[in-house]
Each structure stands twice: as structure tokens, then as C-alpha cells.
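Have a look at the structure below before the remarks.
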Amino acid sequence: MTESQAKKEIENQVNPQELSFEEKLCEYMIENGKLKAEDLVRGQRLYAETLSTSLVPLLVRLGLASERDVASSLSELMNIAMIKEKDYPETVTVETEFPERFMRENLFVPIDEDAETIKVIMVYPSDEFTVKAIKMASSKKMDVLIGLPSEVENAIEKLFGGGRSAMGQIVDNLSDESTGDEEDVDHLRDLASEAPVIRLVNIIMQRAVEARASDIHVEPFENRLKVRYRIDGVLQEVESPPARSTAAVISRIKIMAKLNIAERRLPQDGRIMLRVQGKELDLRVSTVPTSYGESVVMRILDRESIVFDFHQLGFTDRILEPFKKVLELPHGIMLVTGPTGSGKTTTLYTALQQLNTEERKIITVEDPVEYQLTGINQIQVKSSIGLDFTSALRAIVRQDPDVIMIGEMRDLETAKIAIQSALTGHLVLSTIHTNDASGGITRMLDMGVEDYLLTSTVNGILAQRLVRKLYQDTAKKEIQTPEMIKSLGLDKLIKQDEYAFYKPVPSENSLSGYSGRMSILEFLEMSDPIRRLIMSHATAGEIQNQACKEGMMTIYQDGLLKCLDGRTSYEEILRVSQDG
């Protein structure tokens with residue numbers, strides 16, 4: 001169903017003059033891009049089938065809308081302030097008594113009270129029944145704040161319950177049989193199907209999305225199960241389930257990824273498709289056997305948040321202009337190099353989006369296909385059935401493509417087919433694992449590629465790293481001394497009156513002082529002097545020196561300029577760049 005069809009269906013179901021508050025809220029969220037029209041239709045159908053008491057909480061439970069988007073929309077529509085979790089009180093002295101079960105069912109928590117007013121945090125202040133019940137029980141006026149469901153539930157437990165966290169409450173409900181026979185596959189499947197285990201895994205994934213994590217690491221050790229999130233490229237440990245839940249949690253993840261839970265001696269790969277906080281997520285799951293069980297890593301691919309825009313990725317005009325010029329050549333090879341997790345695939349996808357026109361046929365061979373691109377033929381490698389990079393490439397050259405993207409140039413055979421494709425009039429994009437652009441050339445020579453083939457096909461090599469971006473609202477400016485400027489060579493890079501770097505300052509909106517990541521890059525454009533060096537089998541250092549003479553800026557230098565722009569810190573450049 002298209003968005004326009006969904007909107008028509010919504011309009012047919014309700015009369016605009018008779019909209020309930022919930023329907024107005026949904027319309028408001030659609031108008032502000034916080035809810036998709038087709039998702040509302042799906043929610044309304046299920047709402048009618050299940051006879052749920054309320055539509056909006058159902059949308060949140062289904063993952064069609066995020067609880068934060070609902071709360072902010074309610075705040076704007078009702079002109080009621082939202083409260084942050086850090087502003088919840090540590091203790092309360094509220095005289096009016098409310099049953100804990102009633103607070104949990106209706107999602108509210110009283111936090112203060114005086115002779116005339118009771119202050120309450122509510123998830124749904126539009127719920128007239130709950131508002132009337134609170135007023136009746138307290139015989140006072142209400143001062144209402146809006147909170148998120150998970151935060152209100154935690155506050156109820158902390159202030160009126162046993163003081164456990166949401167994860168602690170779920171763990172308390174785990175079956176005592178969680179420490180049973182881990183060799184029994186049926187027993188493992190039963191454990192993984194328990195409601196508390198399902199909620200436990202869901203909360204791990206939900207918190208990762210809220211924290212903007214790119215990866216979730218679940219690692220078993222002798223006496224504990226460790227959970228860590230990679231946020232802006234740095235691992236951070238978070239609240240973890242108890243060790244006794246290890247088998248159940250890992251089995252649950254493997255079942256979701258359609259992996260074999262009976263096989264624990266070999267690595268496995270799978271993927272999970274789900275909706276969390278209103279986002280469509282694709283999780284790439286990898287398991288490997290360790291001394292104390294299987295270690296699981298889940299790479300989170302958020303299809304909706306990815307933006308294929310060179311400037312947002314970190315490209316400056318100085319690098320983007322020659323890069324685009326090479327990209328527009330009708331044939332040849334363009335390589336992107338860097339370590340694992342440095343954003344190479346995202347750069348290639350952005351390049352493909354630029355090339356994706358009606359006149360061009362584009363085919364990719366990937367392992368795995370990370371994002372679905374409209375108008376581009378993407379092939380998923382499946383080695384188990386004999387469909388590897390080499391066999392796929394042999395097939396697609398007969399498909400009359402204009403542009404071929406190879407996920408990774410791993411061996412000589414793949415490289416030879418790529419070179420043959422470039423020589424026969426195709427534009428080939430691929431990645432290779434080296435530390436810098438000049439290292440890409442020596443790596444291909446080491447693979448066994450003939451030097452004359454390399455010089456006649458490779459048009460350019462882009463090297464990149466990812467650095468964390470400073471949170472602009474709190475970053476602190478520091479003027480650099482003349483000695484520092486000279487030692488870093490800043491005066492040779494750019495002439496300006498004042499040279500200042502910026503430092504991260506943690507705040508409530510950014511605990512690390514950073515928010516998001518961007519690339520620092522170097523682009524080696526093939527020239528005749530560089531071709532002569534390649535033919536004489538010069539070292540990577542000699543090739544880089546020649547490229548710098550021709551105007552190439554190294555990754556380290558690009559990083560320094562981004563430090564001067566206040567986009568990142570010098571510490572970040574040193575963390576990821578070897579030139580420092």
C-alpha cells in the first residue's frame with residue numbers, strides 16, 4: 001500500500017469533524033513525519049480485530065510509533081511539558097495513596113503534593129478516566145508532566161516497588177530452569193520462548209536503538225553475561241542480564257536470526273528484521289564459539305536514518321570534485337579502502353546513488369547486501385550453494401551492466417574479473433582492506449595483479465576512517481600556540497589569523513561530548529608519474545609522496561582541517577590516524 005492510498009483509507013474511516021483526540025494525535029504525528037500513514041492503517045486494522053482499549057499504546061507496542069515521538073506530540077498538542085528521566089525525584093512524600101497495580105496499568109506516578117495540588121507524571125494525560133480517578137482520590141487540582149512509558153514504569157518500581165530496574169523486574173520472572181541442561185535443544189528452545197526472555201532480548205535491542213548504537217555485543221564469561229553497545233565507534237558496557245540467563249538469551253537471538261541453535265561449535269551468520277521505536281531495522285547477526293559459550297554481535301542497520309549525501313558523510317569540496325570527476329568516467333576501477341567498519345560500503349552506496357540514472361544498468365555483488373537501493377540490481381553472495389564473488393561476477397558481465405559494484409576485492413581471481421570488466425568498458429567500484437590509498441596499489445600488486453593492468457584500469461583510490469563529531473552546543477574552543485601550529489604543520493595546510501581546536505564537553509544531551517560520526521579521507525587520483533612509479537614497483541611511501549606533491553591531502557591532514565572547523569577533536573584524529 002502506498003502512502004497516498006493509506007491516507008485515503010484513513011480519510012474514508014473517519015469524519016474530520018468527529019475526530020477523537022487519539023485520531024487527532026495520529027493525524028498530527030503523520031503531518032510531522034513521526035508516523036507513517038500506512039502504519040496507522042495497519043494499527044487501526046489490528047485495533048479493530050483485537051478490541052484494544054486504546055489505539056496509540058497499541059501503535060507503540062507494535063513498534064509502529066516510538067514512545068518518544070508520541071510523548072513529544074502529546075506535549076505539543078496539549079501544551080504540557082515533558083520531563084526527562086534525570087529530573088525524576090529520588091524520593092517522594094505523597095500522602096494520597098494509589099495502588100501500585102493501578103499506577104502500572106494506567107502509566108502514571110505521583111511525585112509531589114501540597115495542600116491544593118498533586119504533581120503527577122503521566123504517559124497519556126489525554127486519558128480522561130485516569131485523570132478523573134486521580135482527582136477523585138486526592139481531591140486536589142492536578143499539575144501534569146508527560147513521561148515516557150519505560151521511564152514511568154522504572155519510577156513506579158523505584159519509588160513504590162522494590163527499586164529494581166526494568167531489566168531487573170524481567171529477570172525476576174525468569175524460569176528457575178534457566179540453568180538446566182544446555183545440551184538439550186528442546187529445552188533451549190523452550191527457554192528462549194519464555195515471555196521474560198523475549199522481553200529481555202527486546203529491551204536490549206530497544207535500548208541500543210535509543211542509544212544510537214551501531215552494534216550490540218553479547219559476550220558470555222565464566223560468571224557473567226556482558227552486554228556492550230558500540231556508540232559512535234566506541235564500545236560502552238550497559239546493564240546486563242544475569243549469567244544464568246546466558247543460554248536462554250543467546251538461543252532467543254539465534255531463533256530470531258533463524259540460526260541453528262543446536263550448532264554451538266561453528267560460527268554462524270544470520271539476520272533479523274524487526275521494528276523498534278517506529279524504525280525498520282535490519283540486524284546482521286554473527287555468532288562465534290568461545291570458552292564460555294557463543295559470543296554474539298549484532299550490527300544494526302537503520303534503513304530510515306541512512307543518508308546518502310557526500311557532504312554529510314564528511315566529503316569536502318577539495319576531495320569531492322576530483323572524486324566525482326573519476327566517478328563520471330565511462331570505464332575503469334574506483335577503489336575505496338580502509339579497515340572494517342570505516343564506512344566504505346556507505347560511501348560506495350552514495351556513489352551508486354549518484355550514478356543511478358535511467359541510462360545506466362547497475363549490478364552489485366555483496367556479502368551481505370546491507371541496504372536495498374531502488375533501481376539497482378543487488379546480488380547476495382551465498383557461498384554455501386556455490387554463489388561466491390567469482391561465480392557471480394562471471395554471470396553478471398553477461399547481463400550487459402554499465403556499472404558493477406563488488407562488495408570486496410578479496411583474491412586474485414575476483415581482481416582479474418574486475419580488471420577484465422574495466423577493460424571491456426565497465427565502471428567497477430569495489431573495496432579493499434589497506435591503511436591508506438597508496439597501500440591499495442601495493443595490495444593489488446601483492447595479490448598478483450600485473451602492474452600494466454593495474455595502471456591501465458585503476459582511476460582512483462579513496463581511503464577513509466570514521467571519527468566522532470563534536471556535539472556543537474557544548475564544544476569548547478582552545479586557541480593553539482605557535483609552537484603547536486608549527487609542529488602540526490597547520491600553517492602549511494591553511495593560512496589564517498587564528499588556529500583553534502575544539503574539545504568535547506559532556507552534557508545531558510551528549511554524555512561523551514560527541515554526537516554522530518563522519519569520514520576523514522584522502523583521494524589518490526591516478527596520474528602518469530604515479531603510473532611510472534607503479535611500473536617500477538615503488539613502495540607505498542614513494543607513491544604517497546608523489547601523490548602529495550600533486551596535491552593529495554592525507555587522511556591526517558583532512559582530519560586537522562576538520563579540527564579547525566570545529567567538527568571533531570584532535571584526540572579523535574590521533575585515535576584513528578597513524579600519521580599523528
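Each chain in the C-alpha cells gets a letter, A, B, ..., in the order shown, and its residues are numbered from 1; ligands are numbered from 1 in order too.
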Within 7 Å of Thr350 (chain A), counting only C-alpha atoms, which residues qualify if same-chain residues fewer than 3 places away don't, as a list in words?
Phe308, Asp309, Phe310, Thr346, Thr347, Gln353 and Gln354 of chain A
Convert the current residue selection to file output with all heavy atoms, as a compact mmCIF listing (two decimals), in the first residue's frame.
```txt
# COMPACT_ATOMS: atom_id res chain seq x y z
N PHE A 308 22.35 9.15 2.04
CA PHE A 308 23.39 9.01 1.03
C PHE A 308 23.74 10.38 0.47
O PHE A 308 23.34 10.75 -0.63
CB PHE A 308 22.93 8.05 -0.08
CG PHE A 308 22.65 6.65 0.42
CD1 PHE A 308 21.39 6.09 0.28
CD2 PHE A 308 23.64 5.91 1.05
CE1 PHE A 308 21.13 4.81 0.75
CE2 PHE A 308 23.39 4.63 1.51
CZ PHE A 308 22.14 4.08 1.37
N ASP A 309 24.49 11.15 1.26
CA ASP A 309 24.88 12.51 0.88
C ASP A 309 26.36 12.69 1.19
O ASP A 309 26.80 12.51 2.32
CB ASP A 309 24.05 13.53 1.65
CG ASP A 309 24.43 14.96 1.30
OD1 ASP A 309 23.90 15.49 0.31
OD2 ASP A 309 25.28 15.52 2.01
N PHE A 310 27.15 13.03 0.17
CA PHE A 310 28.60 13.11 0.34
C PHE A 310 29.01 14.11 1.42
O PHE A 310 29.90 13.82 2.23
CB PHE A 310 29.27 13.47 -0.99
CG PHE A 310 29.38 12.32 -1.96
CD1 PHE A 310 28.78 12.39 -3.21
CD2 PHE A 310 30.08 11.18 -1.62
CE1 PHE A 310 28.88 11.33 -4.11
CE2 PHE A 310 30.19 10.11 -2.51
CZ PHE A 310 29.58 10.19 -3.76
N THR A 346 29.00 2.48 2.79
CA THR A 346 28.10 3.64 2.73
C THR A 346 28.59 4.62 1.66
O THR A 346 27.79 5.19 0.91
CB THR A 346 28.03 4.34 4.09
OG1 THR A 346 27.60 3.40 5.08
CG2 THR A 346 27.03 5.49 4.07
N THR A 347 29.91 4.80 1.57
CA THR A 347 30.47 5.68 0.53
C THR A 347 30.16 5.13 -0.87
O THR A 347 29.76 5.88 -1.76
CB THR A 347 31.99 5.82 0.71
OG1 THR A 347 32.25 6.44 1.98
CG2 THR A 347 32.61 6.65 -0.39
N GLN A 353 24.20 5.88 -5.86
CA GLN A 353 23.01 6.74 -5.96
C GLN A 353 23.25 7.88 -6.94
O GLN A 353 22.34 8.29 -7.66
CB GLN A 353 22.65 7.32 -4.58
CG GLN A 353 22.10 6.29 -3.60
CD GLN A 353 20.67 5.86 -3.91
OE1 GLN A 353 20.41 5.29 -4.96
NE2 GLN A 353 19.75 6.11 -3.00
N GLN A 354 24.49 8.40 -6.98
CA GLN A 354 24.83 9.47 -7.93
C GLN A 354 24.79 8.93 -9.37
O GLN A 354 24.40 9.63 -10.30
CB GLN A 354 26.25 9.99 -7.63
CG GLN A 354 26.37 10.71 -6.32
CD GLN A 354 25.98 12.18 -6.41
OE1 GLN A 354 26.24 12.83 -7.41
NE2 GLN A 354 25.33 12.68 -5.38
```
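By only C-alpha atoms, and with residues fewer than 5 positions from region 280-297 of chain A along its chain excluded, the set lying at most 7 Å from it is Asp215, Ile216, His217, Val218, Glu219, Pro220, Phe221, Glu222, Ala257, Arg264, Arg265, Leu266, Pro267, Gln268, Asp269, Gly270, Arg271, Ile272, Met273, Leu274, Arg275, Asp302, Arg303 and Glu304 of chain A.
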Put those residues in a file: N, CA and C atoms, as an mmCIF file, in the first residue's frame.
```cif
data_model
loop_
_atom_site.group_PDB
_atom_site.id
_atom_site.type_symbol
_atom_site.label_atom_id
_atom_site.label_comp_id
_atom_site.auth_asym_id
_atom_site.auth_seq_id
_atom_site.Cartn_x
_atom_site.Cartn_y
_atom_site.Cartn_z
ATOM 1 N N ASP A 215 26.269 -1.319 16.937
ATOM 2 C CA ASP A 215 26.457 -2.754 17.172
ATOM 3 C C ASP A 215 26.064 -3.105 18.603
ATOM 4 N N ILE A 216 25.578 -4.335 18.781
ATOM 5 C CA ILE A 216 25.301 -4.884 20.113
ATOM 6 C C ILE A 216 26.198 -6.101 20.294
ATOM 7 N N HIS A 217 26.988 -6.122 21.367
ATOM 8 C CA HIS A 217 27.863 -7.256 21.672
ATOM 9 C C HIS A 217 27.323 -7.985 22.893
ATOM 10 N N VAL A 218 27.029 -9.274 22.747
ATOM 11 C CA VAL A 218 26.574 -10.102 23.862
ATOM 12 C C VAL A 218 27.642 -11.178 24.070
ATOM 13 N N GLU A 219 28.361 -11.086 25.203
ATOM 14 C CA GLU A 219 29.544 -11.914 25.411
ATOM 15 C C GLU A 219 29.447 -12.703 26.717
ATOM 16 N N PRO A 220 29.464 -14.040 26.648
ATOM 17 C CA PRO A 220 29.397 -14.850 27.869
ATOM 18 C C PRO A 220 30.781 -15.064 28.484
ATOM 19 N N PHE A 221 30.851 -14.922 29.813
ATOM 20 C CA PHE A 221 32.071 -15.228 30.553
ATOM 21 C C PHE A 221 31.730 -16.202 31.672
ATOM 22 N N GLU A 222 32.710 -16.593 32.470
ATOM 23 C CA GLU A 222 32.503 -17.654 33.452
ATOM 24 C C GLU A 222 31.374 -17.340 34.423
ATOM 25 N N ALA A 257 17.226 -14.943 14.454
ATOM 26 C CA ALA A 257 18.055 -14.822 13.252
ATOM 27 C C ALA A 257 17.974 -16.059 12.372
ATOM 28 N N ARG A 264 26.717 -25.223 18.195
ATOM 29 C CA ARG A 264 27.417 -24.223 19.008
ATOM 30 C C ARG A 264 28.924 -24.343 18.886
ATOM 31 N N ARG A 265 29.380 -25.172 17.927
ATOM 32 C CA ARG A 265 30.823 -25.359 17.756
ATOM 33 C C ARG A 265 31.376 -24.560 16.590
ATOM 34 N N LEU A 266 30.492 -24.101 15.692
ATOM 35 C CA LEU A 266 30.926 -23.384 14.489
ATOM 36 C C LEU A 266 30.334 -21.976 14.446
ATOM 37 N N PRO A 267 31.030 -21.026 13.818
ATOM 38 C CA PRO A 267 30.457 -19.681 13.635
ATOM 39 C C PRO A 267 29.227 -19.744 12.730
ATOM 40 N N GLN A 268 28.267 -18.847 12.978
ATOM 41 C CA GLN A 268 27.078 -18.761 12.130
ATOM 42 C C GLN A 268 26.758 -17.292 11.855
ATOM 43 N N ASP A 269 26.090 -17.053 10.735
ATOM 44 C CA ASP A 269 25.665 -15.697 10.364
ATOM 45 C C ASP A 269 24.197 -15.722 9.994
ATOM 46 N N GLY A 270 23.473 -14.685 10.374
ATOM 47 C CA GLY A 270 22.061 -14.572 10.025
ATOM 48 C C GLY A 270 21.635 -13.123 10.082
ATOM 49 N N ARG A 271 20.339 -12.893 9.948
ATOM 50 C CA ARG A 271 19.848 -11.516 10.058
ATOM 51 C C ARG A 271 18.466 -11.506 10.671
ATOM 52 N N ILE A 272 18.146 -10.404 11.329
ATOM 53 C CA ILE A 272 16.857 -10.220 11.992
ATOM 54 C C ILE A 272 16.222 -8.957 11.418
ATOM 55 N N MET A 273 14.975 -9.056 10.983
ATOM 56 C CA MET A 273 14.226 -7.888 10.515
ATOM 57 C C MET A 273 13.174 -7.584 11.570
ATOM 58 N N LEU A 274 13.167 -6.363 12.100
ATOM 59 C CA LEU A 274 12.165 -6.024 13.103
ATOM 60 C C LEU A 274 11.933 -4.518 13.133
ATOM 61 N N ARG A 275 10.888 -4.134 13.856
ATOM 62 C CA ARG A 275 10.575 -2.718 14.049
ATOM 63 C C ARG A 275 10.761 -2.386 15.517
ATOM 64 N N ASP A 302 19.966 0.792 10.242
ATOM 65 C CA ASP A 302 18.726 1.566 10.285
ATOM 66 C C ASP A 302 18.466 2.129 8.896
ATOM 67 N N ARG A 303 17.552 1.491 8.165
ATOM 68 C CA ARG A 303 17.301 1.868 6.769
ATOM 69 C C ARG A 303 16.779 3.296 6.638
ATOM 70 N N GLU A 304 16.051 3.761 7.673
ATOM 71 C CA GLU A 304 15.397 5.068 7.554
ATOM 72 C C GLU A 304 16.344 6.220 7.860
#
```
Alpha helix (DSSP H) per DSSP on the backbone: members of region 272-348 of chain A, as a PyMOL selection string:
chain A and resi 310-313+317-327+344-348
Hey, what's within 8 Å of region 515-519 of chain A if we count only C-alpha atoms and toss same-chain stuff fewer than 5 positions away? As a PyMOL selection string, please?
chain A and resi 232-233+312-315+342-343+464-471+510
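Our summary of the geometry notes that CA of Glu90 (chain A) is positioned 14.1 Å from CA of Ile121 (chain A).
Using only C-alpha atoms for every distance, the candidate list A:Pro339, A:Gly386, A:Pro322, A:Pro99 yields A:Pro322 as the residue closest to Leu524 (chain A).
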Can you tell me, as a PyMOL selection string, which residues in region 386-530 of chain A count as strand (DSSP E) by DSSP?
chain A and resi 403-406+427-432+458-470+476-479+500-503+514-525
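Distance-wise, CA of Thr91 (chain A) and CA of Lys158 (chain A) end up 8.7 Å apart.
In this comparison, which uses only C-alpha atoms, the residue of A:Lys382, A:Lys36, A:Lys416, A:His331 approaching Leu429 (chain A) most closely is A:His331.
Between Phe21 (chain A) and the candidates A:Asn79, A:Ser126, A:Gln378, A:Thr414, the tightest atom-to-atom separation, counting only C-alpha atoms, involves A:Ser126.
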